[in-house]
>>> print(open('upload.cif').read())   # mmCIF, C-alpha atoms (C1' of nucleotides)
data_upload
loop_
_atom_site.label_atom_id
_atom_site.label_comp_id
_atom_site.auth_asym_id
_atom_site.auth_seq_id
_atom_site.Cartn_x
_atom_site.Cartn_y
_atom_site.Cartn_z
CA MET A 1 76.76 -150.63 61.82
CA THR A 2 80.35 -151.61 61.43
CA GLN A 3 81.30 -154.41 63.80
CA GLN A 4 84.10 -152.56 65.47
CA GLN A 5 86.33 -154.58 67.76
CA ARG A 6 85.62 -153.72 71.37
CA ILE A 7 87.53 -154.63 74.48
CA VAL A 8 86.14 -157.54 76.46
CA THR A 9 87.61 -157.04 79.88
CA LEU A 10 88.39 -159.82 82.29
CA ILE A 11 86.19 -157.96 84.74
CA SER A 12 83.15 -158.17 82.51
CA LEU A 13 83.79 -161.88 81.92
CA LEU A 14 83.84 -162.46 85.67
CA ARG A 15 80.71 -160.38 86.13
CA ARG A 16 78.74 -162.13 83.42
CA THR A 17 79.83 -165.56 84.60
CA SER A 18 78.88 -164.99 88.20
CA GLN A 19 75.59 -163.40 87.18
CA LEU A 20 74.67 -166.42 85.07
CA MET A 21 75.58 -168.77 87.90
CA VAL A 22 73.45 -166.85 90.37
CA ASP A 23 70.50 -166.85 87.97
CA GLU A 24 70.95 -170.56 87.57
CA ILE A 25 70.69 -171.17 91.31
CA THR A 26 67.48 -169.16 91.43
CA ASP A 27 66.07 -171.12 88.48
CA ARG A 28 66.95 -174.48 89.92
CA LEU A 29 65.49 -173.61 93.33
CA ALA A 30 62.32 -172.49 91.58
CA ALA A 31 62.22 -175.76 89.69
CA ALA A 32 62.60 -177.58 93.01
CA GLY A 33 59.50 -175.83 94.33
CA PHE A 34 61.08 -172.77 95.92
CA ALA A 35 59.90 -170.12 93.49
CA ASP A 36 60.00 -167.33 96.05
CA LEU A 37 63.77 -167.19 96.58
CA PRO A 38 65.36 -164.37 94.55
CA PRO A 39 69.14 -163.79 94.79
CA ALA A 40 68.71 -161.31 97.65
CA TYR A 41 67.80 -164.20 99.94
CA HIS A 42 70.85 -166.32 99.14
CA PRO A 43 73.17 -164.57 101.63
CA ILE A 44 71.02 -165.73 104.53
CA PHE A 45 71.16 -169.38 103.62
CA GLU A 46 74.89 -169.04 103.02
CA ASN A 47 75.61 -167.42 106.36
CA ILE A 48 73.24 -168.87 108.91
CA ASP A 49 74.37 -171.37 111.54
CA ARG A 50 72.45 -174.46 112.57
CA ALA A 51 71.82 -173.13 116.06
CA GLY A 52 70.65 -169.78 114.74
CA THR A 53 72.49 -166.53 114.11
CA ARG A 54 71.96 -162.96 115.23
CA LEU A 55 70.81 -160.40 112.74
CA THR A 56 73.91 -158.25 113.18
CA VAL A 57 76.16 -161.24 112.65
CA LEU A 58 74.27 -162.24 109.51
CA ALA A 59 74.56 -158.67 108.27
CA ALA A 60 78.30 -158.51 108.92
CA ARG A 61 78.91 -161.84 107.19
CA ALA A 62 76.88 -160.78 104.18
CA ARG A 63 78.41 -157.29 104.19
CA LEU A 64 74.99 -155.63 104.47
CA THR A 65 73.64 -153.13 106.98
CA HIS A 66 71.60 -154.67 109.78
CA GLN A 67 68.58 -152.76 108.47
CA SER A 68 68.81 -154.38 105.06
CA MET A 69 69.38 -157.78 106.57
CA GLY A 70 66.39 -157.14 108.80
CA GLU A 71 64.17 -156.67 105.78
CA VAL A 72 65.44 -159.78 104.12
CA VAL A 73 64.94 -161.85 107.26
CA ALA A 74 61.42 -160.46 107.67
CA GLU A 75 60.56 -161.59 104.13
CA LEU A 76 61.95 -165.06 104.72
CA GLU A 77 60.05 -165.22 107.99
CA ARG A 78 56.79 -164.35 106.20
CA ARG A 79 57.53 -167.14 103.74
CA GLY A 80 58.19 -169.55 106.57
CA TYR A 81 61.86 -170.30 105.90
CA VAL A 82 63.25 -168.78 109.10
CA GLU A 83 61.94 -167.94 112.55
CA ARG A 84 63.17 -165.51 115.20
CA VAL A 85 63.61 -166.71 118.74
CA PRO A 86 64.93 -164.77 121.74
CA ASP A 87 68.64 -165.20 122.34
CA PRO A 88 68.91 -166.73 125.83
CA SER A 89 72.32 -165.15 126.32
CA ASP A 90 71.31 -161.56 125.49
CA GLY A 91 67.95 -159.96 126.07
CA ARG A 92 68.43 -157.46 123.23
CA ALA A 93 69.14 -160.07 120.66
CA ARG A 94 67.15 -162.65 118.79
CA LEU A 95 68.41 -165.66 116.94
CA VAL A 96 67.41 -166.15 113.33
CA ARG A 97 66.99 -169.86 112.79
CA LEU A 98 66.03 -172.05 109.86
CA THR A 99 62.65 -173.75 109.99
CA PRO A 100 62.33 -177.29 108.63
CA SER A 101 61.33 -175.81 105.29
CA GLY A 102 64.37 -173.51 105.43
CA ARG A 103 66.61 -176.49 106.05
CA GLN A 104 65.08 -178.13 103.02
CA VAL A 105 66.06 -175.09 100.95
CA VAL A 106 69.66 -175.27 102.12
CA LYS A 107 69.83 -178.97 101.37
CA THR A 108 68.52 -178.40 97.87
CA ALA A 109 70.71 -175.36 97.30
CA VAL A 110 73.89 -177.15 98.32
CA ARG A 111 73.15 -179.93 95.86
CA GLU A 112 72.24 -177.64 92.98
CA ILE A 113 75.16 -175.28 93.57
CA ALA A 114 77.54 -178.23 93.43
CA ALA A 115 76.01 -179.24 90.11
CA ILE A 116 76.32 -175.74 88.70
CA GLU A 117 79.91 -175.35 89.79
CA ASP A 118 80.77 -178.75 88.32
CA LYS A 119 79.24 -177.75 85.02
CA TRP A 120 81.24 -174.54 84.79
CA LEU A 121 84.45 -176.14 86.01
CA ARG A 122 84.17 -178.77 83.29
CA ARG A 123 83.71 -176.07 80.68
CA TRP A 124 86.62 -174.01 81.95
CA ARG A 125 88.86 -177.09 82.03
CA LYS A 126 87.84 -178.04 78.52
CA ALA A 127 88.82 -174.53 77.42
CA GLY A 128 92.22 -174.75 79.03
CA LEU A 129 91.94 -173.87 82.70
CA LYS A 130 94.68 -175.60 84.65
CA GLY A 131 94.45 -176.67 88.26
CA ASP A 132 92.38 -175.17 91.02
CA LEU A 133 90.38 -171.97 90.77
CA ARG A 134 88.91 -171.71 94.24
CA SER A 135 92.05 -171.27 96.29
CA PRO A 136 93.61 -168.53 94.11
CA LEU A 137 90.35 -166.58 94.21
CA GLU A 138 90.03 -167.02 97.95
CA ALA A 139 93.63 -166.04 98.65
CA ALA A 140 93.39 -162.94 96.48
CA LEU A 141 90.24 -161.79 98.26
CA LEU A 142 91.89 -162.32 101.62
CA GLU A 143 94.78 -160.16 100.47
CA GLU A 144 92.36 -157.42 99.44
CA GLU A 145 90.79 -157.29 102.87
CA THR A 146 94.13 -156.59 104.55
CA MET B 1 78.43 -167.42 118.70
CA THR B 2 80.15 -170.62 117.71
CA GLN B 3 82.19 -170.14 114.57
CA GLN B 4 80.45 -172.81 112.60
CA GLN B 5 82.03 -173.79 109.33
CA ARG B 6 80.02 -172.45 106.44
CA ILE B 7 80.31 -173.20 102.77
CA VAL B 8 82.16 -170.61 100.70
CA THR B 9 80.92 -171.28 97.21
CA LEU B 10 82.94 -170.67 94.08
CA ILE B 11 80.02 -168.54 92.96
CA SER B 12 80.32 -166.19 95.91
CA LEU B 13 84.08 -165.92 95.35
CA LEU B 14 83.48 -164.89 91.75
CA ARG B 15 80.80 -162.43 92.80
CA ARG B 16 82.89 -160.77 95.46
CA THR B 17 85.94 -160.57 93.23
CA SER B 18 84.13 -158.97 90.34
CA GLN B 19 82.32 -156.58 92.67
CA LEU B 20 85.60 -155.41 94.15
CA MET B 21 87.10 -154.94 90.71
CA VAL B 22 84.14 -152.88 89.55
CA ASP B 23 84.31 -150.71 92.66
CA GLU B 24 87.98 -150.22 91.98
CA ILE B 25 87.33 -148.93 88.47
CA THR B 26 84.83 -146.45 89.81
CA ASP B 27 87.27 -145.29 92.49
CA ARG B 28 90.13 -144.85 90.05
CA LEU B 29 87.99 -142.94 87.58
CA ALA B 30 86.87 -140.69 90.42
CA ALA B 31 90.51 -140.15 91.40
CA ALA B 32 91.24 -139.25 87.78
CA GLY B 33 88.62 -136.51 87.91
CA PHE B 34 85.57 -138.45 86.73
CA ALA B 35 83.65 -138.64 89.97
CA ASP B 36 80.26 -138.87 88.26
CA LEU B 37 80.68 -142.30 86.67
CA PRO B 38 78.99 -145.04 88.73
CA PRO B 39 79.10 -148.65 87.51
CA ALA B 40 75.83 -148.25 85.64
CA TYR B 41 77.63 -146.09 83.07
CA HIS B 42 80.42 -148.56 82.36
CA PRO B 43 78.45 -150.61 79.81
CA ILE B 44 78.23 -147.61 77.50
CA PHE B 45 81.94 -146.96 77.40
CA GLU B 46 82.53 -150.67 76.92
CA ASN B 47 80.12 -151.01 74.04
CA ILE B 48 80.21 -147.82 72.03
CA ASP B 49 81.92 -147.58 68.63
CA ARG B 50 84.10 -144.72 67.51
CA ALA B 51 81.66 -143.68 64.81
CA GLY B 52 78.72 -143.81 67.22
CA THR B 53 76.24 -146.55 68.05
CA ARG B 54 72.46 -146.76 68.05
CA LEU B 55 70.63 -146.98 71.35
CA THR B 56 69.11 -150.36 70.52
CA VAL B 57 72.52 -151.76 69.58
CA LEU B 58 74.04 -150.45 72.80
CA ALA B 59 71.17 -151.97 74.74
CA ALA B 60 71.56 -155.35 73.06
CA ARG B 61 75.31 -155.44 73.63
CA ALA B 62 74.89 -154.51 77.29
CA ARG B 63 71.92 -156.89 77.68
CA LEU B 64 69.65 -154.10 78.87
CA THR B 65 66.27 -152.94 77.62
CA HIS B 66 66.47 -149.97 75.27
CA GLN B 67 64.51 -147.96 77.83
CA SER B 68 67.11 -148.52 80.51
CA MET B 69 69.90 -147.78 78.11
CA GLY B 70 68.02 -144.65 77.09
CA GLU B 71 68.10 -143.36 80.66
CA VAL B 72 71.78 -144.11 81.04
CA VAL B 73 72.60 -142.36 77.78
CA ALA B 74 70.51 -139.35 78.81
CA GLU B 75 72.50 -139.06 82.04
CA LEU B 76 75.80 -139.28 80.24
CA GLU B 77 74.57 -136.70 77.74
CA ARG B 78 73.70 -134.31 80.59
CA ARG B 79 77.21 -134.80 81.97
CA GLY B 80 78.70 -134.12 78.55
CA TYR B 81 80.29 -137.51 77.89
CA VAL B 82 78.15 -138.47 74.88
CA GLU B 83 76.04 -136.68 72.31
CA ARG B 84 73.19 -137.89 70.11
CA VAL B 85 73.24 -137.16 66.40
CA PRO B 86 70.75 -138.23 63.74
CA ASP B 87 71.64 -141.47 61.98
CA PRO B 88 72.04 -140.52 58.29
CA SER B 89 71.09 -144.02 57.21
CA ASP B 90 67.80 -144.24 59.13
CA GLY B 91 65.49 -141.40 60.05
CA ARG B 92 64.13 -143.19 63.09
CA ALA B 93 67.50 -143.71 64.64
CA ARG B 94 70.10 -141.56 66.30
CA LEU B 95 73.76 -142.34 66.90
CA VAL B 96 75.15 -142.09 70.40
CA ARG B 97 78.71 -140.82 70.09
CA LEU B 98 81.49 -140.01 72.54
CA THR B 99 82.38 -136.36 73.01
CA PRO B 100 86.04 -135.42 73.49
CA SER B 101 85.52 -135.67 77.23
CA GLY B 102 83.91 -139.07 76.77
CA ARG B 103 86.93 -140.24 74.78
CA GLN B 104 89.11 -139.07 77.65
CA VAL B 105 87.09 -141.28 80.00
CA VAL B 106 87.60 -144.31 77.79
CA LYS B 107 91.31 -143.66 77.53
CA THR B 108 91.62 -143.40 81.30
CA ALA B 109 89.38 -146.40 81.90
CA VAL B 110 91.35 -148.64 79.56
CA ARG B 111 94.56 -147.78 81.39
CA GLU B 112 93.13 -148.23 84.88
CA ILE B 113 91.33 -151.44 84.03
CA ALA B 114 94.58 -152.90 82.73
CA ALA B 115 96.26 -151.97 86.01
CA ILE B 116 93.48 -153.54 88.06
CA GLU B 117 93.48 -156.76 86.05
CA ASP B 118 97.26 -156.98 86.33
CA LYS B 119 97.07 -156.60 90.08
CA TRP B 120 94.53 -159.40 90.47
CA LEU B 121 96.26 -161.68 87.98
CA ARG B 122 99.48 -161.32 89.93
CA ARG B 123 97.66 -162.27 93.14
CA TRP B 124 95.96 -165.25 91.58
CA ARG B 125 99.22 -166.47 90.09
CA LYS B 126 100.97 -166.09 93.41
CA ALA B 127 98.23 -168.21 94.96
CA GLY B 128 98.61 -170.96 92.39
CA LEU B 129 96.61 -170.05 89.31
CA LYS B 130 98.14 -171.66 86.26
CA GLY B 131 97.99 -170.31 82.74
CA ASP B 132 95.33 -168.12 81.20
CA LEU B 133 92.03 -167.19 82.81
CA ARG B 134 90.47 -165.07 80.10
CA SER B 135 90.04 -167.64 77.37
CA PRO B 136 88.45 -170.35 79.54
CA LEU B 137 85.97 -167.81 80.89
CA GLU B 138 85.19 -166.51 77.44
CA ALA B 139 84.76 -169.97 75.94
CA ALA B 140 82.48 -171.09 78.75
CA LEU B 141 80.26 -168.05 78.34
CA LEU B 142 80.05 -168.64 74.63
CA GLU B 143 78.93 -172.19 75.32
CA GLU B 144 76.23 -170.92 77.69
CA GLU B 145 74.75 -168.70 75.02
CA THR B 146 74.22 -171.60 72.66
"C1'" DC C 1 74.28 -146.01 138.79
"C1'" DA C 2 75.45 -142.93 135.12
"C1'" DA C 3 77.75 -143.30 130.56
"C1'" DT C 4 78.37 -145.74 126.76
"C1'" DA C 5 77.97 -149.63 123.62
"C1'" DT C 6 75.24 -152.96 121.21
"C1'" DA C 7 70.89 -155.30 119.13
"C1'" DG C 8 67.31 -154.33 116.57
"C1'" DG C 9 63.40 -151.67 114.24
"C1'" DC C 10 60.93 -147.88 111.71
"C1'" DA C 11 60.79 -144.30 108.15
"C1'" DG C 12 62.18 -142.60 104.13
"C1'" DG C 13 65.40 -142.35 100.11
"C1'" DT C 14 68.08 -143.90 95.93
"C1'" DA C 15 70.15 -146.60 92.03
"C1'" DA C 16 69.48 -149.49 88.54
"C1'" DC C 17 66.93 -151.92 86.52
"C1'" DC C 18 62.01 -153.47 84.58
"C1'" DT C 19 57.05 -153.55 81.74
"C1'" DG C 20 53.46 -151.24 79.19
"C1'" DC C 21 52.33 -148.18 75.93
"C1'" DA C 22 52.55 -144.47 72.33
"C1'" DC C 23 54.42 -142.67 68.26
"C1'" DA C 24 57.35 -141.87 64.24
"C1'" DT C 25 59.74 -143.77 60.53
"C1'" DG C 26 61.04 -147.51 57.54
"C1'" DT C 27 60.22 -151.80 54.55
"C1'" DC C 28 57.75 -154.79 51.79
"C1'" DA C 29 53.97 -157.41 49.56
"C1'" DA C 30 49.92 -157.01 46.92
"C1'" DT D 1 50.88 -146.65 46.54
"C1'" DT D 2 49.00 -148.26 50.23
"C1'" DG D 3 48.08 -151.04 54.01
"C1'" DA D 4 50.42 -154.12 57.27
"C1'" DC D 5 53.96 -154.94 59.90
"C1'" DA D 6 58.70 -154.10 61.83
"C1'" DT D 7 61.98 -151.12 64.05
"C1'" DG D 8 63.93 -147.04 66.79
"C1'" DT D 9 62.99 -144.25 70.45
"C1'" DG D 10 60.62 -141.99 74.37
"C1'" DC D 11 57.42 -141.40 78.38
"C1'" DA D 12 55.13 -143.10 82.60
"C1'" DG D 13 55.09 -145.86 86.29
"C1'" DG D 14 56.69 -149.98 89.03
"C1'" DT D 15 60.06 -153.18 91.50
"C1'" DT D 16 64.21 -154.82 93.79
"C1'" DA D 17 67.86 -154.40 96.62
"C1'" DC D 18 70.13 -151.85 98.76
"C1'" DC D 19 71.18 -147.28 101.70
"C1'" DT D 20 71.16 -143.37 105.85
"C1'" DG D 21 69.10 -141.30 109.85
"C1'" DC D 22 67.07 -141.87 113.93
"C1'" DC D 23 64.77 -144.30 117.74
"C1'" DT D 24 64.13 -147.67 121.75
"C1'" DA D 25 65.56 -151.49 124.70
"C1'" DT D 26 68.95 -153.97 126.90
"C1'" DA D 27 73.71 -154.83 128.34
"C1'" DT D 28 78.38 -153.59 130.06
"C1'" DT D 29 81.62 -151.01 132.48
"C1'" DG D 30 83.98 -147.33 135.28
#
>>> encode(input="upload.cif", output="structure tokens")
Amino acid sequence: MTQQQRIVTLISLLRRTSQLMVDEITDRLAAAGFADLPPAYHPIFENIDRAGTRLTVLAARARLTHQSMGEVVAELERRGYVERVPDPSDGRARLVRLTPSGRQVVKTAVREIAAIEDKWLRRWRKAGLKGDLRSPLEAALLEEET
Amino acid sequence: MTQQQRIVTLISLLRRTSQLMVDEITDRLAAAGFADLPPAYHPIFENIDRAGTRLTVLAARARLTHQSMGEVVAELERRGYVERVPDPSDGRARLVRLTPSGRQVVKTAVREIAAIEDKWLRRWRKAGLKGDLRSPLEAALLEEET
DNA sequence: CAATATAGGCAGGTAACCTGCACATGTCAA
DNA sequence: TTGACATGTGCAGGTTACCTGCCTATATTG
């Protein structure tokens, strides 16, 4: 098996990095006592408002269909992290809202995510990354959506 | 629906960016006449050697189980992009090798990927990214694997 | 008050992985 | 040279994270 030189694309580097970071969130949440929170549930905690958010809004923010988001919310409801209450302003709608235990998850996640991002940013800096990474990435994504 | 400020994590920026780039490869390959190449097939073209590569080696490079890689290879074989020949140096093994049409895919993919990466690099630079991105990412991943 | 739009749910399907197991071939120590 | 174990591959079946199609209930609007 000759070790032929293969192309390592920037795309695959980005993919592997983000995959590792996501896995790390899941691991750290499990270590903090939330072992039932696979990556599929992250979009909810990222996109929900304090006062509660409609399913369709959650779905749009997470770029999922409302059916998929419905499943995810149902799972989190079974696990006790969110609850669904009627939306007083619209009889068709219901608000998905964090329970106390859901708020605890978000609190933990915010802390652990900060730690993970710090770790990677230190590594990237040590290996020569200059300046900010967040704003270029954000601006480029915005441009894509136009 | 009050537009509450939510956290946009660096992790989600990386995820969305890499997802868009992967989709773009698939689209461009489809436009080039290879409409039957979903993202799941990319790891093969990225990891295969000219002289052919064993299934287990492909699987290890792509970080998949050999069973999963076996399925992917079987699909690509049905579509005529790879063939399996006995490995002369080991009777248990077979070499997965690109067919002429598979080599055409790789040629096209290399060109299109370069174009995609250029496009994003230009955007990132315009939005303030300094210097190289590839080597910090690569070095950080290497550190993770230790 | 019809016509249409919107919120959500139910049923069923698919892609891309996984684990468990079987089997053939190879290697190596006694 | 022969077990004992390792390695390469394949088959069967399962899981996760999505999807589309279709339905009902409620709201909005001409």
>>> interface_residues(input="upload.cif", of="chain D", to="chain A", cutoff="10 Å", atoms="all atoms listed in the file", output="count of residues only")
7
>>> residues_around(input="upload.cif", residues="A:Gly70", least_positions_apart="6", cutoff="9 Å", atoms="all atoms listed in the file", output="short mmCIF file (atom, residue, chain, number, x, y, z; two decimals) with C-alpha atoms (C1' of nucleotides), keeping the file's coordinate frame")
data_model
loop_
_atom_site.label_atom_id
_atom_site.label_comp_id
_atom_site.auth_asym_id
_atom_site.auth_seq_id
_atom_site.Cartn_x
_atom_site.Cartn_y
_atom_site.Cartn_z
CA LEU A 55 70.81 -160.40 112.74
CA THR A 56 73.91 -158.25 113.18
CA ALA A 59 74.56 -158.67 108.27
"C1'" DG C 8 67.31 -154.33 116.57
"C1'" DG C 9 63.40 -151.67 114.24
#
>>> calpha_fit_and_write(input="upload.cif", fixed="chain B", moving="chain A", output="CSV table (one decimal) with C-alpha atoms, keeping the file's coordinate frame")
chain,number,residue,atom,x,y,z
A,1,MET,CA,78.5,-167.2,118.8
A,2,THR,CA,80.2,-170.4,117.8
A,3,GLN,CA,82.3,-169.9,114.6
A,4,GLN,CA,80.6,-172.6,112.7
A,5,GLN,CA,82.2,-173.6,109.4
A,6,ARG,CA,80.1,-172.4,106.5
A,7,ILE,CA,80.4,-173.2,102.9
A,8,VAL,CA,82.2,-170.6,100.7
A,9,THR,CA,81.0,-171.3,97.3
A,10,LEU,CA,83.0,-170.7,94.1
A,11,ILE,CA,80.1,-168.6,93.0
A,12,SER,CA,80.4,-166.2,95.9
A,13,LEU,CA,84.1,-165.9,95.4
A,14,LEU,CA,83.5,-164.9,91.8
A,15,ARG,CA,80.8,-162.5,92.8
A,16,ARG,CA,82.9,-160.8,95.5
A,17,THR,CA,85.9,-160.6,93.2
A,18,SER,CA,84.1,-159.0,90.3
A,19,GLN,CA,82.3,-156.6,92.7
A,20,LEU,CA,85.6,-155.4,94.1
A,21,MET,CA,87.1,-155.0,90.7
A,22,VAL,CA,84.1,-152.9,89.5
A,23,ASP,CA,84.3,-150.7,92.6
A,24,GLU,CA,88.0,-150.3,92.0
A,25,ILE,CA,87.3,-149.0,88.5
A,26,THR,CA,84.8,-146.5,89.8
A,27,ASP,CA,87.2,-145.3,92.5
A,28,ARG,CA,90.1,-144.9,90.1
A,29,LEU,CA,87.9,-143.0,87.6
A,30,ALA,CA,86.8,-140.7,90.4
A,31,ALA,CA,90.4,-140.2,91.4
A,32,ALA,CA,91.2,-139.3,87.8
A,33,GLY,CA,88.5,-136.5,87.9
A,34,PHE,CA,85.5,-138.5,86.7
A,35,ALA,CA,83.6,-138.7,90.0
A,36,ASP,CA,80.2,-138.9,88.3
A,37,LEU,CA,80.6,-142.3,86.7
A,38,PRO,CA,78.9,-145.1,88.7
A,39,PRO,CA,79.1,-148.7,87.5
A,40,ALA,CA,75.8,-148.3,85.6
A,41,TYR,CA,77.6,-146.1,83.1
A,42,HIS,CA,80.4,-148.6,82.4
A,43,PRO,CA,78.5,-150.6,79.8
A,44,ILE,CA,78.2,-147.6,77.5
A,45,PHE,CA,81.9,-147.0,77.4
A,46,GLU,CA,82.5,-150.7,76.9
A,47,ASN,CA,80.1,-151.0,74.0
A,48,ILE,CA,80.2,-147.8,72.0
A,49,ASP,CA,81.9,-147.6,68.7
A,50,ARG,CA,84.1,-144.7,67.5
A,51,ALA,CA,81.7,-143.6,64.8
A,52,GLY,CA,78.8,-143.8,67.2
A,53,THR,CA,76.3,-146.5,68.0
A,54,ARG,CA,72.5,-146.7,68.0
A,55,LEU,CA,70.7,-147.0,71.3
A,56,THR,CA,69.1,-150.3,70.5
A,57,VAL,CA,72.5,-151.7,69.5
A,58,LEU,CA,74.1,-150.4,72.8
A,59,ALA,CA,71.2,-152.0,74.7
A,60,ALA,CA,71.6,-155.4,73.0
A,61,ARG,CA,75.3,-155.4,73.6
A,62,ALA,CA,74.9,-154.5,77.2
A,63,ARG,CA,71.9,-156.9,77.6
A,64,LEU,CA,69.6,-154.1,78.8
A,65,THR,CA,66.2,-152.9,77.5
A,66,HIS,CA,66.4,-150.0,75.2
A,67,GLN,CA,64.5,-148.0,77.8
A,68,SER,CA,67.1,-148.5,80.4
A,69,MET,CA,69.9,-147.8,78.1
A,70,GLY,CA,68.0,-144.7,77.1
A,71,GLU,CA,68.1,-143.4,80.6
A,72,VAL,CA,71.7,-144.1,81.0
A,73,VAL,CA,72.6,-142.4,77.8
A,74,ALA,CA,70.5,-139.4,78.8
A,75,GLU,CA,72.5,-139.1,82.1
A,76,LEU,CA,75.8,-139.3,80.2
A,77,GLU,CA,74.5,-136.7,77.8
A,78,ARG,CA,73.7,-134.3,80.6
A,79,ARG,CA,77.2,-134.9,82.0
A,80,GLY,CA,78.7,-134.1,78.6
A,81,TYR,CA,80.3,-137.5,77.9
A,82,VAL,CA,78.1,-138.5,74.9
A,83,GLU,CA,76.0,-136.7,72.3
A,84,ARG,CA,73.2,-137.9,70.1
A,85,VAL,CA,73.3,-137.1,66.4
A,86,PRO,CA,70.8,-138.1,63.7
A,87,ASP,CA,71.7,-141.4,61.9
A,88,PRO,CA,72.1,-140.4,58.3
A,89,SER,CA,71.2,-143.9,57.2
A,90,ASP,CA,67.9,-144.1,59.1
A,91,GLY,CA,65.6,-141.3,60.0
A,92,ARG,CA,64.2,-143.1,63.1
A,93,ALA,CA,67.6,-143.6,64.6
A,94,ARG,CA,70.2,-141.5,66.3
A,95,LEU,CA,73.8,-142.3,66.9
A,96,VAL,CA,75.2,-142.1,70.4
A,97,ARG,CA,78.7,-140.8,70.1
A,98,LEU,CA,81.5,-140.0,72.6
A,99,THR,CA,82.4,-136.3,73.1
A,100,PRO,CA,86.0,-135.4,73.6
A,101,SER,CA,85.5,-135.7,77.3
A,102,GLY,CA,83.9,-139.1,76.8
A,103,ARG,CA,86.9,-140.2,74.8
A,104,GLN,CA,89.1,-139.1,77.7
A,105,VAL,CA,87.1,-141.3,80.0
A,106,VAL,CA,87.6,-144.3,77.8
A,107,LYS,CA,91.3,-143.7,77.6
A,108,THR,CA,91.6,-143.4,81.3
A,109,ALA,CA,89.4,-146.4,81.9
A,110,VAL,CA,91.3,-148.7,79.6
A,111,ARG,CA,94.5,-147.8,81.4
A,112,GLU,CA,93.1,-148.2,84.9
A,113,ILE,CA,91.3,-151.5,84.0
A,114,ALA,CA,94.6,-152.9,82.7
A,115,ALA,CA,96.2,-152.0,86.0
A,116,ILE,CA,93.5,-153.6,88.0
A,117,GLU,CA,93.5,-156.8,86.0
A,118,ASP,CA,97.3,-157.0,86.3
A,119,LYS,CA,97.0,-156.6,90.1
A,120,TRP,CA,94.5,-159.4,90.4
A,121,LEU,CA,96.3,-161.7,87.9
A,122,ARG,CA,99.5,-161.3,89.9
A,123,ARG,CA,97.7,-162.3,93.1
A,124,TRP,CA,95.9,-165.2,91.5
A,125,ARG,CA,99.2,-166.5,90.0
A,126,LYS,CA,101.0,-166.1,93.3
A,127,ALA,CA,98.3,-168.2,94.9
A,128,GLY,CA,98.6,-171.0,92.3
A,129,LEU,CA,96.6,-170.1,89.3
A,130,LYS,CA,98.2,-171.7,86.2
A,131,GLY,CA,98.0,-170.3,82.7
A,132,ASP,CA,95.3,-168.2,81.2
A,133,LEU,CA,92.0,-167.2,82.8
A,134,ARG,CA,90.4,-165.1,80.1
A,135,SER,CA,90.0,-167.7,77.3
A,136,PRO,CA,88.4,-170.4,79.5
A,137,LEU,CA,86.0,-167.9,80.9
A,138,GLU,CA,85.1,-166.6,77.5
A,139,ALA,CA,84.7,-170.0,76.0
A,140,ALA,CA,82.5,-171.2,78.8
A,141,LEU,CA,80.2,-168.1,78.4
A,142,LEU,CA,80.0,-168.7,74.7
A,143,GLU,CA,78.9,-172.3,75.4
A,144,GLU,CA,76.2,-171.0,77.7
A,145,GLU,CA,74.7,-168.8,75.1
A,146,THR,CA,74.2,-171.7,72.7
>>> interface_residues(input="upload.cif", of="chain A", to="chain B", cutoff="8 Å", atoms="all atoms listed in the file", output="PyMOL selection string")
chain A and resi 1+4+6-19+21-22+46-47+49+53+113+117+120+123-141
>>> atom_distance(input="upload.cif", atom1="atom CA of A:Leu98", atom2="atom CA of A:Glu24")
22.9 Å
>>> build_atoms(input="upload.cif", residues="stretch 53-61 of chain B", atoms="N, CA and C atoms", output="CSV table (one decimal), in the frame of the given file")
chain,number,residue,atom,x,y,z
B,53,THR,N,77.0,-145.3,68.0
B,53,THR,CA,76.2,-146.6,68.0
B,53,THR,C,74.8,-146.2,68.4
B,54,ARG,N,73.9,-147.0,67.8
B,54,ARG,CA,72.5,-146.8,68.0
B,54,ARG,C,72.1,-147.2,69.5
B,55,LEU,N,71.1,-146.6,70.0
B,55,LEU,CA,70.6,-147.0,71.4
B,55,LEU,C,70.3,-148.5,71.4
B,56,THR,N,69.5,-149.0,70.5
B,56,THR,CA,69.1,-150.4,70.5
B,56,THR,C,70.3,-151.3,70.5
B,57,VAL,N,71.3,-150.9,69.7
B,57,VAL,CA,72.5,-151.8,69.6
B,57,VAL,C,73.3,-151.8,70.9
B,58,LEU,N,73.4,-150.6,71.5
B,58,LEU,CA,74.0,-150.4,72.8
B,58,LEU,C,73.3,-151.3,73.8
B,59,ALA,N,72.0,-151.2,73.8
B,59,ALA,CA,71.2,-152.0,74.7
B,59,ALA,C,71.4,-153.5,74.6
B,60,ALA,N,71.4,-153.9,73.3
B,60,ALA,CA,71.6,-155.4,73.1
B,60,ALA,C,72.9,-155.8,73.5
B,61,ARG,N,74.0,-155.0,73.2
B,61,ARG,CA,75.3,-155.4,73.6
B,61,ARG,C,75.4,-155.5,75.1
